[in-house]
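Engineer: Next comes work29.cif, mmCIF, C-alpha atoms:
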data_data
loop_
_atom_site.group_PDB
_atom_site.id
_atom_site.type_symbol
_atom_site.label_atom_id
_atom_site.label_comp_id
_atom_site.auth_asym_id
_atom_site.auth_seq_id
_atom_site.Cartn_x
_atom_site.Cartn_y
_atom_site.Cartn_z
ATOM 1 C CA MET E 1 -24.114 -25.088 71.948
ATOM 2 C CA ILE E 2 -26.088 -22.173 70.478
ATOM 3 C CA LEU E 3 -24.410 -18.805 70.958
ATOM 4 C CA THR E 4 -26.529 -15.663 71.193
ATOM 5 C CA VAL E 5 -25.054 -12.167 70.948
ATOM 6 C CA THR E 6 -27.093 -9.254 72.299
ATOM 7 C CA PRO E 7 -25.252 -5.994 71.529
ATOM 8 C CA ASN E 8 -27.811 -3.858 73.377
ATOM 9 C CA PRO E 9 -29.165 -5.841 76.366
ATOM 10 C CA ALA E 10 -31.611 -4.432 78.873
ATOM 11 C CA LEU E 11 -33.275 -4.888 82.189
ATOM 12 C CA ASP E 12 -36.844 -5.606 81.101
ATOM 13 C CA VAL E 13 -39.426 -4.236 83.509
ATOM 14 C CA THR E 14 -43.006 -5.416 82.956
ATOM 15 C CA HIS E 15 -45.981 -3.677 84.587
ATOM 16 C CA ALA E 16 -49.284 -5.557 84.652
ATOM 17 C CA VAL E 17 -52.004 -2.937 84.178
ATOM 18 C CA PRO E 18 -55.453 -4.412 83.433
ATOM 19 C CA GLY E 19 -57.512 -2.097 81.251
ATOM 20 C CA PHE E 20 -54.580 0.167 80.463
ATOM 21 C CA ARG E 21 -55.519 3.405 78.683
ATOM 22 C CA PRO E 22 -53.234 6.299 77.716
ATOM 23 C CA ARG E 23 -53.518 9.798 79.243
ATOM 24 C CA THR E 24 -54.816 8.697 82.645
ATOM 25 C CA SER E 25 -53.589 7.206 85.937
ATOM 26 C CA HIS E 26 -53.531 3.495 86.734
ATOM 27 C CA ARG E 27 -52.835 1.211 89.652
ATOM 28 C CA VAL E 28 -50.259 -1.402 88.733
ATOM 29 C CA ALA E 29 -51.317 -4.958 89.547
ATOM 30 C CA GLY E 30 -47.797 -6.361 89.482
ATOM 31 C CA VAL E 31 -44.208 -5.623 88.469
ATOM 32 C CA ALA E 32 -41.519 -8.028 87.275
ATOM 33 C CA ALA E 33 -37.948 -7.324 86.181
ATOM 34 C CA GLN E 34 -35.570 -9.645 84.356
ATOM 35 C CA ALA E 35 -32.537 -9.660 82.086
ATOM 36 C CA GLY E 36 -33.633 -8.969 78.545
ATOM 37 C CA GLY E 37 -32.835 -7.857 75.062
ATOM 38 C CA LYS E 38 -33.733 -10.063 72.116
ATOM 39 C CA GLY E 39 -30.728 -12.364 72.287
ATOM 40 C CA VAL E 40 -31.214 -12.925 76.014
ATOM 41 C CA ASN E 41 -34.892 -13.742 75.459
ATOM 42 C CA VAL E 42 -33.888 -16.231 72.758
ATOM 43 C CA ALA E 43 -31.408 -17.856 75.136
ATOM 44 C CA ARG E 44 -34.000 -18.078 77.903
ATOM 45 C CA VAL E 45 -36.432 -19.899 75.614
ATOM 46 C CA LEU E 46 -33.733 -22.254 74.322
ATOM 47 C CA ALA E 47 -32.688 -23.101 77.871
ATOM 48 C CA ALA E 48 -36.311 -23.892 78.760
ATOM 49 C CA LEU E 49 -36.383 -26.243 75.757
ATOM 50 C CA GLY E 50 -33.309 -28.018 77.113
ATOM 51 C CA ARG E 51 -30.934 -26.666 74.452
ATOM 52 C CA PRO E 52 -27.355 -25.780 75.481
ATOM 53 C CA VAL E 53 -26.999 -22.025 75.010
ATOM 54 C CA ARG E 54 -24.616 -19.236 75.965
ATOM 55 C CA CYS E 55 -25.119 -15.457 75.871
ATOM 56 C CA VAL E 56 -22.508 -12.839 74.983
ATOM 57 C CA LEU E 57 -23.473 -9.302 75.954
ATOM 58 C CA PRO E 58 -21.973 -5.970 77.068
ATOM 59 C CA LEU E 59 -22.910 -4.894 80.608
ATOM 60 C CA GLY E 60 -22.188 -1.829 82.696
ATOM 61 C CA GLY E 61 -23.384 0.272 85.626
ATOM 62 C CA PRO E 62 -26.035 -0.492 88.253
ATOM 63 C CA THR E 63 -28.531 -1.744 85.674
ATOM 64 C CA GLY E 64 -25.873 -4.053 84.278
ATOM 65 C CA ASP E 65 -25.407 -5.415 87.801
ATOM 66 C CA ALA E 66 -29.135 -6.202 87.953
ATOM 67 C CA VAL E 67 -29.007 -7.934 84.557
ATOM 68 C CA ARG E 68 -25.988 -9.962 85.647
ATOM 69 C CA ALA E 69 -27.696 -11.017 88.875
ATOM 70 C CA ASP E 70 -30.832 -12.159 87.045
ATOM 71 C CA LEU E 71 -28.837 -14.148 84.488
ATOM 72 C CA ALA E 72 -27.096 -15.924 87.347
ATOM 73 C CA ALA E 73 -30.360 -16.545 89.201
ATOM 74 C CA ALA E 74 -31.918 -17.986 86.026
ATOM 75 C CA GLY E 75 -28.905 -20.227 85.442
ATOM 76 C CA LEU E 76 -28.278 -18.754 81.991
ATOM 77 C CA ASP E 77 -24.715 -19.340 80.827
ATOM 78 C CA HIS E 78 -23.282 -15.957 79.838
ATOM 79 C CA VAL E 79 -20.084 -14.097 79.063
ATOM 80 C CA GLU E 80 -20.073 -10.353 79.592
ATOM 81 C CA VAL E 81 -18.049 -7.586 78.008
ATOM 82 C CA PRO E 82 -17.570 -4.766 80.567
ATOM 83 C CA ILE E 83 -18.543 -1.276 79.364
ATOM 84 C CA GLY E 84 -18.399 2.146 80.958
ATOM 85 C CA GLY E 85 -22.033 3.118 80.393
ATOM 86 C CA ASP E 86 -25.095 1.967 82.305
ATOM 87 C CA THR E 87 -27.087 -0.832 80.635
ATOM 88 C CA ARG E 88 -30.509 0.339 79.469
ATOM 89 C CA ARG E 89 -33.961 -0.496 80.758
ATOM 90 C CA THR E 90 -37.113 -1.306 78.808
ATOM 91 C CA VAL E 91 -40.607 -0.862 80.203
ATOM 92 C CA THR E 92 -43.551 -2.988 79.072
ATOM 93 C CA VAL E 93 -47.112 -2.220 80.113
ATOM 94 C CA ALA E 94 -49.197 -5.372 79.641
ATOM 95 C CA ASP E 95 -52.975 -5.133 79.953
ATOM 96 C CA GLY E 96 -53.817 -8.812 79.445
ATOM 97 C CA SER E 97 -54.681 -8.567 75.764
ATOM 98 C CA ASP E 98 -51.764 -6.529 74.382
ATOM 99 C CA ALA E 99 -48.714 -4.560 75.450
ATOM 100 C CA THR E 100 -47.071 -1.148 75.131
ATOM 101 C CA VAL E 101 -43.270 -1.127 75.114
ATOM 102 C CA LEU E 102 -40.858 1.740 75.806
ATOM 103 C CA ASN E 103 -37.319 1.013 74.595
ATOM 104 C CA GLU E 104 -34.440 3.152 75.827
ATOM 105 C CA PRO E 105 -31.622 3.644 73.280
ATOM 106 C CA GLY E 106 -28.928 2.152 75.506
ATOM 107 C CA PRO E 107 -25.445 3.350 76.421
ATOM 108 C CA ALA E 108 -23.027 4.421 73.711
ATOM 109 C CA LEU E 109 -20.248 1.915 73.128
ATOM 110 C CA ALA E 110 -16.721 3.193 72.632
ATOM 111 C CA ALA E 111 -14.793 1.792 69.677
ATOM 112 C CA ALA E 112 -12.679 -0.318 72.035
ATOM 113 C CA GLU E 113 -15.809 -1.735 73.682
ATOM 114 C CA TRP E 114 -17.250 -2.760 70.324
ATOM 115 C CA GLU E 115 -13.951 -4.422 69.416
ATOM 116 C CA ALA E 116 -14.049 -6.246 72.756
ATOM 117 C CA LEU E 117 -17.536 -7.554 71.920
ATOM 118 C CA LEU E 118 -16.274 -8.815 68.560
ATOM 119 C CA GLY E 119 -13.278 -10.423 70.239
ATOM 120 C CA GLU E 120 -15.342 -12.209 72.869
ATOM 121 C CA THR E 121 -17.732 -13.474 70.216
ATOM 122 C CA ALA E 122 -14.821 -14.849 68.201
ATOM 123 C CA ARG E 123 -13.473 -16.627 71.292
ATOM 124 C CA GLN E 124 -16.802 -18.405 71.836
ATOM 125 C CA LEU E 125 -17.493 -19.407 68.233
ATOM 126 C CA PRO E 126 -15.295 -22.539 68.099
ATOM 127 C CA GLN E 127 -17.634 -24.113 70.660
ATOM 128 C CA ALA E 128 -20.841 -23.072 68.894
ATOM 129 C CA ALA E 129 -23.113 -24.886 66.448
ATOM 130 C CA VAL E 130 -25.307 -21.851 65.599
ATOM 131 C CA LEU E 131 -24.810 -18.093 66.032
ATOM 132 C CA VAL E 132 -27.837 -15.910 66.851
ATOM 133 C CA LEU E 133 -27.567 -12.125 66.529
ATOM 134 C CA ALA E 134 -30.575 -10.244 67.815
ATOM 135 C CA GLY E 135 -31.863 -6.828 68.773
ATOM 136 C CA SER E 136 -30.908 -3.230 68.168
ATOM 137 C CA LEU E 137 -27.364 -1.991 67.777
ATOM 138 C CA PRO E 138 -26.327 0.331 70.614
ATOM 139 C CA PRO E 139 -25.299 3.923 69.980
ATOM 140 C CA GLY E 140 -21.653 4.039 68.984
ATOM 141 C CA ALA E 141 -21.706 0.692 67.196
ATOM 142 C CA PRO E 142 -20.597 0.787 63.548
ATOM 143 C CA ALA E 143 -23.372 0.934 60.972
ATOM 144 C CA ASP E 144 -22.295 -2.469 59.662
ATOM 145 C CA GLY E 145 -21.899 -3.912 63.157
ATOM 146 C CA TYR E 146 -24.136 -6.867 62.438
ATOM 147 C CA GLY E 147 -22.338 -7.431 59.160
ATOM 148 C CA GLN E 148 -19.100 -7.760 61.122
ATOM 149 C CA LEU E 149 -20.683 -10.287 63.472
ATOM 150 C CA VAL E 150 -22.261 -12.271 60.620
ATOM 151 C CA ALA E 151 -18.866 -12.388 58.912
ATOM 152 C CA LEU E 152 -17.315 -13.770 62.102
ATOM 153 C CA GLY E 153 -19.846 -16.572 62.204
ATOM 154 C CA ARG E 154 -19.269 -17.353 58.544
ATOM 155 C CA GLN E 155 -15.502 -17.519 59.121
ATOM 156 C CA PHE E 156 -16.224 -20.386 61.523
ATOM 157 C CA HIS E 157 -18.597 -21.991 58.954
ATOM 158 C CA LEU E 158 -21.596 -21.574 61.255
ATOM 159 C CA PRO E 159 -25.236 -20.921 60.350
ATOM 160 C CA VAL E 160 -26.120 -17.389 61.455
ATOM 161 C CA VAL E 161 -29.632 -16.229 62.408
ATOM 162 C CA LEU E 162 -30.070 -12.448 62.362
ATOM 163 C CA ASP E 163 -33.039 -10.660 63.923
ATOM 164 C CA ALA E 164 -32.599 -6.958 63.227
ATOM 165 C CA ASP E 165 -34.353 -4.277 61.226
ATOM 166 C CA GLY E 166 -33.792 -1.034 59.381
ATOM 167 C CA PRO E 167 -30.285 0.071 58.387
ATOM 168 C CA ALA E 168 -28.670 -2.501 60.715
ATOM 169 C CA LEU E 169 -30.363 -5.321 58.789
ATOM 170 C CA LEU E 170 -29.638 -3.939 55.328
ATOM 171 C CA ALA E 171 -25.971 -3.305 56.143
ATOM 172 C CA ALA E 172 -25.572 -6.948 57.263
ATOM 173 C CA LEU E 173 -26.988 -8.588 54.129
ATOM 174 C CA PRO E 174 -23.744 -8.575 52.076
ATOM 175 C CA ALA E 175 -22.181 -10.788 54.787
ATOM 176 C CA ARG E 176 -24.796 -13.442 53.873
ATOM 177 C CA PRO E 177 -26.685 -14.380 57.041
ATOM 178 C CA THR E 178 -28.227 -17.829 56.870
ATOM 179 C CA MET E 179 -31.633 -16.649 58.057
ATOM 180 C CA ILE E 180 -33.168 -13.273 58.802
ATOM 181 C CA LYS E 181 -36.439 -12.779 60.666
ATOM 182 C CA PRO E 182 -38.210 -9.507 59.857
ATOM 183 C CA ASN E 183 -41.889 -8.926 60.531
ATOM 184 C CA GLY E 184 -44.270 -7.711 57.848
ATOM 185 C CA ALA E 185 -43.787 -4.017 58.618
ATOM 186 C CA GLU E 186 -40.009 -4.414 58.681
ATOM 187 C CA LEU E 187 -40.078 -6.175 55.319
ATOM 188 C CA THR E 188 -42.032 -3.328 53.760
ATOM 189 C CA ALA E 189 -39.779 -0.705 55.356
ATOM 190 C CA ALA E 190 -36.652 -2.474 54.059
ATOM 191 C CA THR E 191 -37.876 -2.947 50.494
ATOM 192 C CA GLY E 192 -40.843 -0.656 49.873
ATOM 193 C CA LEU E 193 -42.885 -3.675 48.780
ATOM 194 C CA PRO E 194 -46.212 -4.552 50.456
ATOM 195 C CA ASP E 195 -46.212 -8.242 49.489
ATOM 196 C CA PRO E 196 -44.057 -10.207 51.965
ATOM 197 C CA ARG E 197 -42.995 -12.826 49.405
ATOM 198 C CA ASP E 198 -41.845 -10.196 46.920
ATOM 199 C CA ALA E 199 -40.042 -8.345 49.698
ATOM 200 C CA ALA E 200 -38.347 -11.530 50.897
ATOM 201 C CA ARG E 201 -37.065 -12.221 47.376
ATOM 202 C CA VAL E 202 -35.476 -8.771 47.299
ATOM 203 C CA LEU E 203 -33.633 -9.404 50.572
ATOM 204 C CA ILE E 204 -32.429 -12.775 49.291
ATOM 205 C CA ARG E 205 -31.043 -11.070 46.191
ATOM 206 C CA ARG E 206 -29.232 -8.658 48.524
ATOM 207 C CA GLY E 207 -27.510 -11.471 50.393
ATOM 208 C CA ALA E 208 -29.762 -13.310 52.860
ATOM 209 C CA GLU E 209 -29.883 -17.048 52.251
ATOM 210 C CA SER E 210 -33.437 -17.319 53.605
ATOM 211 C CA VAL E 211 -36.123 -15.096 55.086
ATOM 212 C CA LEU E 212 -38.614 -16.017 57.776
ATOM 213 C CA ALA E 213 -41.298 -13.355 57.879
ATOM 214 C CA SER E 214 -43.413 -13.023 61.005
ATOM 215 C CA LEU E 215 -46.921 -11.949 59.976
ATOM 216 C CA GLY E 216 -48.656 -11.738 63.358
ATOM 217 C CA PRO E 217 -51.939 -13.667 63.475
ATOM 218 C CA ASP E 218 -51.292 -14.807 59.882
ATOM 219 C CA GLY E 219 -48.383 -16.920 61.091
ATOM 220 C CA LEU E 220 -45.008 -17.340 59.425
ATOM 221 C CA LEU E 221 -43.802 -17.273 55.829
ATOM 222 C CA ALA E 222 -40.429 -18.820 54.978
ATOM 223 C CA VAL E 223 -38.769 -18.011 51.652
ATOM 224 C CA ASP E 224 -35.504 -19.333 50.237
ATOM 225 C CA ARG E 225 -34.141 -20.103 46.786
ATOM 226 C CA GLN E 226 -36.041 -23.403 46.656
ATOM 227 C CA GLY E 227 -39.492 -21.944 47.302
ATOM 228 C CA ALA E 228 -41.775 -20.781 50.077
ATOM 229 C CA TRP E 229 -43.549 -22.357 53.038
ATOM 230 C CA ARG E 230 -46.371 -21.104 55.235
ATOM 231 C CA CYS E 231 -47.676 -22.052 58.676
ATOM 232 C CA THR E 232 -50.640 -20.350 60.312
ATOM 233 C CA PRO E 233 -52.006 -20.801 63.844
ATOM 234 C CA PRO E 234 -55.557 -22.171 64.051
ATOM 235 C CA ALA E 235 -56.764 -19.073 65.931
ATOM 236 C CA ALA E 236 -55.391 -15.756 67.125
ATOM 237 C CA VAL E 237 -54.165 -15.667 70.723
ATOM 238 C CA THR E 238 -54.232 -12.651 73.013
ATOM 239 C CA GLY E 239 -51.872 -11.668 75.776
ATOM 240 C CA ASN E 240 -48.427 -10.079 75.820
ATOM 241 C CA PRO E 241 -46.860 -10.331 72.332
ATOM 242 C CA THR E 242 -43.520 -8.996 73.593
ATOM 243 C CA GLY E 243 -40.962 -11.708 73.004
ATOM 244 C CA ALA E 244 -43.055 -13.749 70.557
ATOM 245 C CA GLY E 245 -40.593 -12.994 67.771
ATOM 246 C CA ASP E 246 -37.713 -14.022 70.016
ATOM 247 C CA SER E 247 -39.334 -17.413 70.467
ATOM 248 C CA VAL E 248 -39.523 -17.733 66.679
ATOM 249 C CA VAL E 249 -35.766 -17.102 66.549
ATOM 250 C CA ALA E 250 -35.220 -19.707 69.267
ATOM 251 C CA ALA E 251 -37.115 -22.266 67.185
ATOM 252 C CA LEU E 252 -35.060 -21.323 64.124
ATOM 253 C CA ALA E 253 -31.787 -21.758 66.001
ATOM 254 C CA ALA E 254 -32.896 -25.079 67.462
ATOM 255 C CA GLY E 255 -33.918 -26.281 64.007
ATOM 256 C CA LEU E 256 -30.619 -25.231 62.459
ATOM 257 C CA SER E 257 -28.672 -27.008 65.178
ATOM 258 C CA GLY E 258 -30.461 -30.230 64.187
ATOM 259 C CA ASN E 259 -30.495 -29.609 60.411
ATOM 260 C CA ALA E 260 -34.300 -29.557 60.401
ATOM 261 C CA GLY E 261 -36.187 -28.295 57.345
ATOM 262 C CA TRP E 262 -39.083 -25.859 57.067
ATOM 263 C CA PRO E 263 -41.806 -28.543 57.520
ATOM 264 C CA ALA E 264 -40.454 -29.171 61.034
ATOM 265 C CA VAL E 265 -39.187 -25.687 61.931
ATOM 266 C CA LEU E 266 -42.245 -23.622 60.965
ATOM 267 C CA PRO E 267 -44.852 -25.466 63.103
ATOM 268 C CA ASP E 268 -42.445 -25.413 66.027
ATOM 269 C CA ALA E 269 -41.854 -21.673 65.613
ATOM 270 C CA VAL E 270 -45.565 -20.848 65.326
ATOM 271 C CA ALA E 271 -46.472 -22.960 68.363
ATOM 272 C CA LEU E 272 -43.654 -21.517 70.462
ATOM 273 C CA SER E 273 -44.518 -17.961 69.445
ATOM 274 C CA ALA E 274 -48.201 -18.359 70.295
ATOM 275 C CA ALA E 275 -47.361 -19.990 73.624
ATOM 276 C CA THR E 276 -45.126 -17.025 74.417
ATOM 277 C CA VAL E 277 -47.995 -14.563 73.864
ATOM 278 C CA LEU E 278 -49.918 -16.499 76.512
ATOM 279 C CA HIS E 279 -47.194 -15.888 79.108
ATOM 280 C CA PRO E 280 -47.018 -12.469 80.822
ATOM 281 C CA ARG E 281 -43.248 -12.012 80.297
ATOM 282 C CA ALA E 282 -40.924 -12.179 77.303
ATOM 283 C CA GLY E 283 -38.556 -15.122 77.189
ATOM 284 C CA HIS E 284 -41.112 -17.477 78.764
ATOM 285 C CA PHE E 285 -43.882 -19.586 77.257
ATOM 286 C CA ASP E 286 -46.892 -21.641 78.284
ATOM 287 C CA ALA E 287 -45.480 -25.165 78.010
ATOM 288 C CA ALA E 288 -48.852 -26.933 77.837
ATOM 289 C CA ALA E 289 -50.099 -24.606 75.090
ATOM 290 C CA TYR E 290 -46.863 -25.107 73.176
ATOM 291 C CA ARG E 291 -47.200 -28.891 73.226
ATOM 292 C CA HIS E 292 -50.867 -28.759 72.226
ATOM 293 C CA LEU E 293 -50.341 -26.314 69.372
ATOM 294 C CA ARG E 294 -47.256 -28.097 68.079
ATOM 295 C CA ALA E 295 -49.282 -31.302 67.682
ATOM 296 C CA THR E 296 -51.938 -29.522 65.603
ATOM 297 C CA LEU E 297 -49.829 -27.486 63.179
ATOM 298 C CA THR E 298 -48.402 -28.289 59.752
ATOM 299 C CA ALA E 299 -46.452 -26.258 57.206
ATOM 300 C CA VAL E 300 -47.597 -26.079 53.583
ATOM 301 C CA ARG E 301 -45.613 -25.232 50.500
ATOM 302 C CA VAL E 302 -46.931 -22.118 48.766
ATOM 303 C CA GLY E 303 -44.517 -21.658 45.889
ATOM 304 C CA GLY E 304 -41.911 -23.450 43.863
ATOM 305 C CA LEU E 305 -38.858 -22.522 41.897
ATOM 306 C CA THR E 306 -40.865 -21.103 39.011
ATOM 307 C CA SER E 307 -42.813 -18.559 41.062
ATOM 308 C CA LEU E 308 -39.813 -17.686 43.231
ATOM 309 C CA THR E 309 -37.236 -17.040 40.520
ATOM 310 C CA LEU E 310 -34.552 -14.795 41.957
#
Would it be possible to restate this file's structure as structure tokens?
Structural biologist:
Amino acid sequence: MILTVTPNPALDVTHAVPGFRPRTSHRVAGVAAQAGGKGVNVARVLAALGRPVRCVLPLGGPTGDAVRADLAAAGLDHVEVPIGGDTRRTVTVADGSDATVLNEPGPALAAAEWEALLGETARQLPQAAVLVLAGSLPPGAPADGYGQLVALGRQFHLPVVLDADGPALLAALPARPTMIKPNGAELTAATGLPDPRDAARVLIRRGAESVLASLGPDGLLAVDRQGAWRCTPPAAVTGNPTGAGDSVVAALAAGLSGNAGWPAVLPDAVALSAATVLHPRAGHFDAAAYRHLRATLTAVRVGGLTSLTL
């Protein structure tokens, strides 16, 4: 079983607005709402792939009730930590070729609520094969909150995939996550370096065992102490990119659960990410496009030990 922890879940509301432009009025073509947050999106994709998965997440208030109801309706195995605040909402405006996302900060967690989240995670870990930690930390969480969760996973000798950015990512590196998944902008922000391979090496020196950098239409770059691998889609796809990175994390977790290497994981992650862009909502993917792309993609090695000395 793959365990995902989403410290700051949300009710994701997606508005379909063809031809969306700022500073004017629009008629909305359609509205959809579902349980979200990065870890929930990862779990939804894994479940669609037939992988056993369970979500741990804090929920509270009327919005938390809506998230809980959608998780149940989707058949997603989940364990909730009750909190006093109301779970946040996110709003995505998708125009068919791109998306605009508004992320609320989320409710502040009391110290006891954070400890309860840690405790519930620890209770689930003996049954897990991989731990996925994804999304923003909620207000009130300790600055090293992800470091605490990574350390829990390591205590149980589990591979840990971390998808976070900014101070939350940097504070978690000393706990030695197995894989981190920043995008190109996040890599530069974390290190000040424009070259993704150089930036990845810095984060490995700081504690990450491997880095999978998401570079948008340029595909994925994986860097570890043995070298670097690259996989690029044959052509750019347009649609709703929200959730594409979560599908990359799902592919990473699935690969780790089967001890797959970069030559297998990278093409799967690129195909799954592109197929997610083609679906109007995060956490879902175009199955036919995924199968087609997966059959056409290969990963190539782009550096060895000499060029990636750490």
Engineer: Skipping near chain neighbours, those fewer than 6 positions away, what residues fall within 10 Å of Ala164 in chain E using all atoms listed in the file, listed as a list in words?
Structural biologist: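 Once the adjacent positions are removed, what remains is Lys38, Leu133, Ala134, Gly135, Ser136, Leu137, Tyr146, Leu170, Ala172, Ile180, Lys181, Pro182, Asn183 and Glu186 of chain E.
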Engineer: Given only C-alpha atoms as the basis, pick out the residue of E:Thr298, E:Thr242, E:Thr178, E:Gln148 nearest to Val93 in chain E.
Structural biologist: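 Looking only at the distances to Val93 in chain E, the closest residue turns out to be E:Thr242.
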Engineer: At a cut-off of 12 Å, can you tabulate as CSV every residue of range 245-293 of chain E near range 215-231 of chain E together with its closest atom pair and the distance in Å to one decimal, using all atoms listed in the file and ordering rows by chain then number?
Structural biologist:
residue,atom,partner,partner_atom,distance
E:Gly245,CA,E:Gly216,CA,9.3
E:Val248,CA,E:Leu220,CA,9.1
E:Val249,CA,E:Leu220,CA,11.7
E:Leu252,CA,E:Ala222,CA,10.9
E:Gly261,CA,E:Trp229,CA,10.4
E:Trp262,CA,E:Trp229,CA,7.0
E:Pro263,CA,E:Trp229,CA,7.8
E:Ala264,CA,E:Cys231,CA,10.4
E:Val265,CA,E:Cys231,CA,9.8
E:Leu266,CA,E:Cys231,CA,6.1
E:Pro267,CA,E:Cys231,CA,6.3
E:Asp268,CA,E:Cys231,CA,9.6
E:Ala269,CA,E:Leu220,CA,8.2
E:Val270,CA,E:Gly219,CA,6.4
E:Ala271,CA,E:Gly219,CA,9.6
E:Leu272,CA,E:Gly219,CA,11.5
E:Ser273,CA,E:Gly219,CA,9.3
E:Ala274,CA,E:Pro217,CA,9.1
E:Val277,CA,E:Gly216,CA,10.9
E:Leu293,CA,E:Cys231,CA,11.8
Engineer: What separation in Å, quoted to one decimal, exists between CA of Glu104 in chain E and CA of Gly85 in chain E?
Structural biologist: 13.2 Å
Engineer: Env of Leu158 in chain E: 10 Å cut, atoms = only C-alpha atoms, seq-sep filter 2 positions within chain, self excluded. Answer as a PDB file with C-alpha atoms, keeping the file's coordinate frame.
Structural biologist:
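Result file selection-v1.pdb:
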ATOM      1  CA  LEU E 125     -17.493 -19.407  68.233  1.00  0.00           C
ATOM      2  CA  PRO E 126     -15.295 -22.539  68.099  1.00  0.00           C
ATOM      3  CA  ALA E 128     -20.841 -23.072  68.894  1.00  0.00           C
ATOM      4  CA  ALA E 129     -23.113 -24.886  66.448  1.00  0.00           C
ATOM      5  CA  VAL E 130     -25.307 -21.851  65.599  1.00  0.00           C
ATOM      6  CA  LEU E 131     -24.810 -18.093  66.032  1.00  0.00           C
ATOM      7  CA  VAL E 150     -22.261 -12.271  60.620  1.00  0.00           C
ATOM      8  CA  ALA E 151     -18.866 -12.388  58.912  1.00  0.00           C
ATOM      9  CA  LEU E 152     -17.315 -13.770  62.102  1.00  0.00           C
ATOM     10  CA  GLY E 153     -19.846 -16.572  62.204  1.00  0.00           C
ATOM     11  CA  ARG E 154     -19.269 -17.353  58.544  1.00  0.00           C
ATOM     12  CA  GLN E 155     -15.502 -17.519  59.121  1.00  0.00           C
ATOM     13  CA  PHE E 156     -16.224 -20.386  61.523  1.00  0.00           C
ATOM     14  CA  VAL E 160     -26.120 -17.389  61.455  1.00  0.00           C
ATOM     15  CA  VAL E 161     -29.632 -16.229  62.408  1.00  0.00           C
ATOM     16  CA  PRO E 177     -26.685 -14.380  57.041  1.00  0.00           C
ATOM     17  CA  THR E 178     -28.227 -17.829  56.870  1.00  0.00           C
ATOM     18  CA  LEU E 256     -30.619 -25.231  62.459  1.00  0.00           C
ATOM     19  CA  SER E 257     -28.672 -27.008  65.178  1.00  0.00           C
TER      20      SER E 257
END
Engineer: Which is closest to Leu11 in chain E among E:Leu102, E:Ile83, E:Ala94, E:Ala111, if we use all atoms listed in the file?
Structural biologist: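 Checking each candidate against Leu11 in chain E, we get E:Leu102 as the closest.
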Engineer: So, counting all atoms listed in the file, which residue among E:Asn8, E:Gln127, E:Ala116, E:Ala275 is closest to Val53 in chain E?
Structural biologist: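 Looking only at the distances to Val53 in chain E, the closest residue turns out to be E:Gln127.
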Engineer: With all atoms listed in the file as the counted atoms, please give the residues lying no more than 10 Å from Ala66 in chain E, apart from itself and same-chain residues fewer than 4 positions off, as a list in words.
Structural biologist: Ala10, Leu11, Ala33, Gln34, Ala35, Leu59, Gly60, Gly61, Pro62, Asp70, Leu71, Ala72 and Thr87 of chain E
Engineer: If I put a ball of radius 10 Å at (-19.3, -2.7, 65.4) in the file's coordinates, which residues poke into it when counting all atoms listed in the file, written as a PyMOL selection string?
Structural biologist: chain E and resi 7+109-118+137-138+140-149
Engineer: Give the answer as one residue: which of E:Pro194, E:Pro139, E:Gly207, E:Gly106 has the shortest atom-to-atom distance to Leu169 in chain E, using only C-alpha atoms?
Structural biologist: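 Result for the nearest residue to Leu169 in chain E: E:Gly207.
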Engineer: In Å, how far is it from CA of Leu212 in chain E to CA of Ala200 in chain E?
Structural biologist: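 These atoms are spaced 8.2 Å apart.
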Engineer: Rounded to one decimal place, report the CA of Gly37 in chain E-CA of Asp246 in chain E distance in Å.
Structural biologist: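 Computing the Euclidean distance for CA of Gly37 in chain E and CA of Asp246 in chain E yields 9.3 Å.
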Engineer: Ranking E:Ala99, E:Val132, E:Leu46, E:Val40 by minimum distance to Thr238 in chain E and counting all atoms listed in the file, which one comes first?
Structural biologist: E:Ala99
Engineer: Between E:His292, E:Val45, E:Thr90, E:Gln124, single out the one closest to Thr276 in chain E, counting only C-alpha atoms.
Structural biologist: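 For Thr276 in chain E, the nearest of the given residues is E:Val45.
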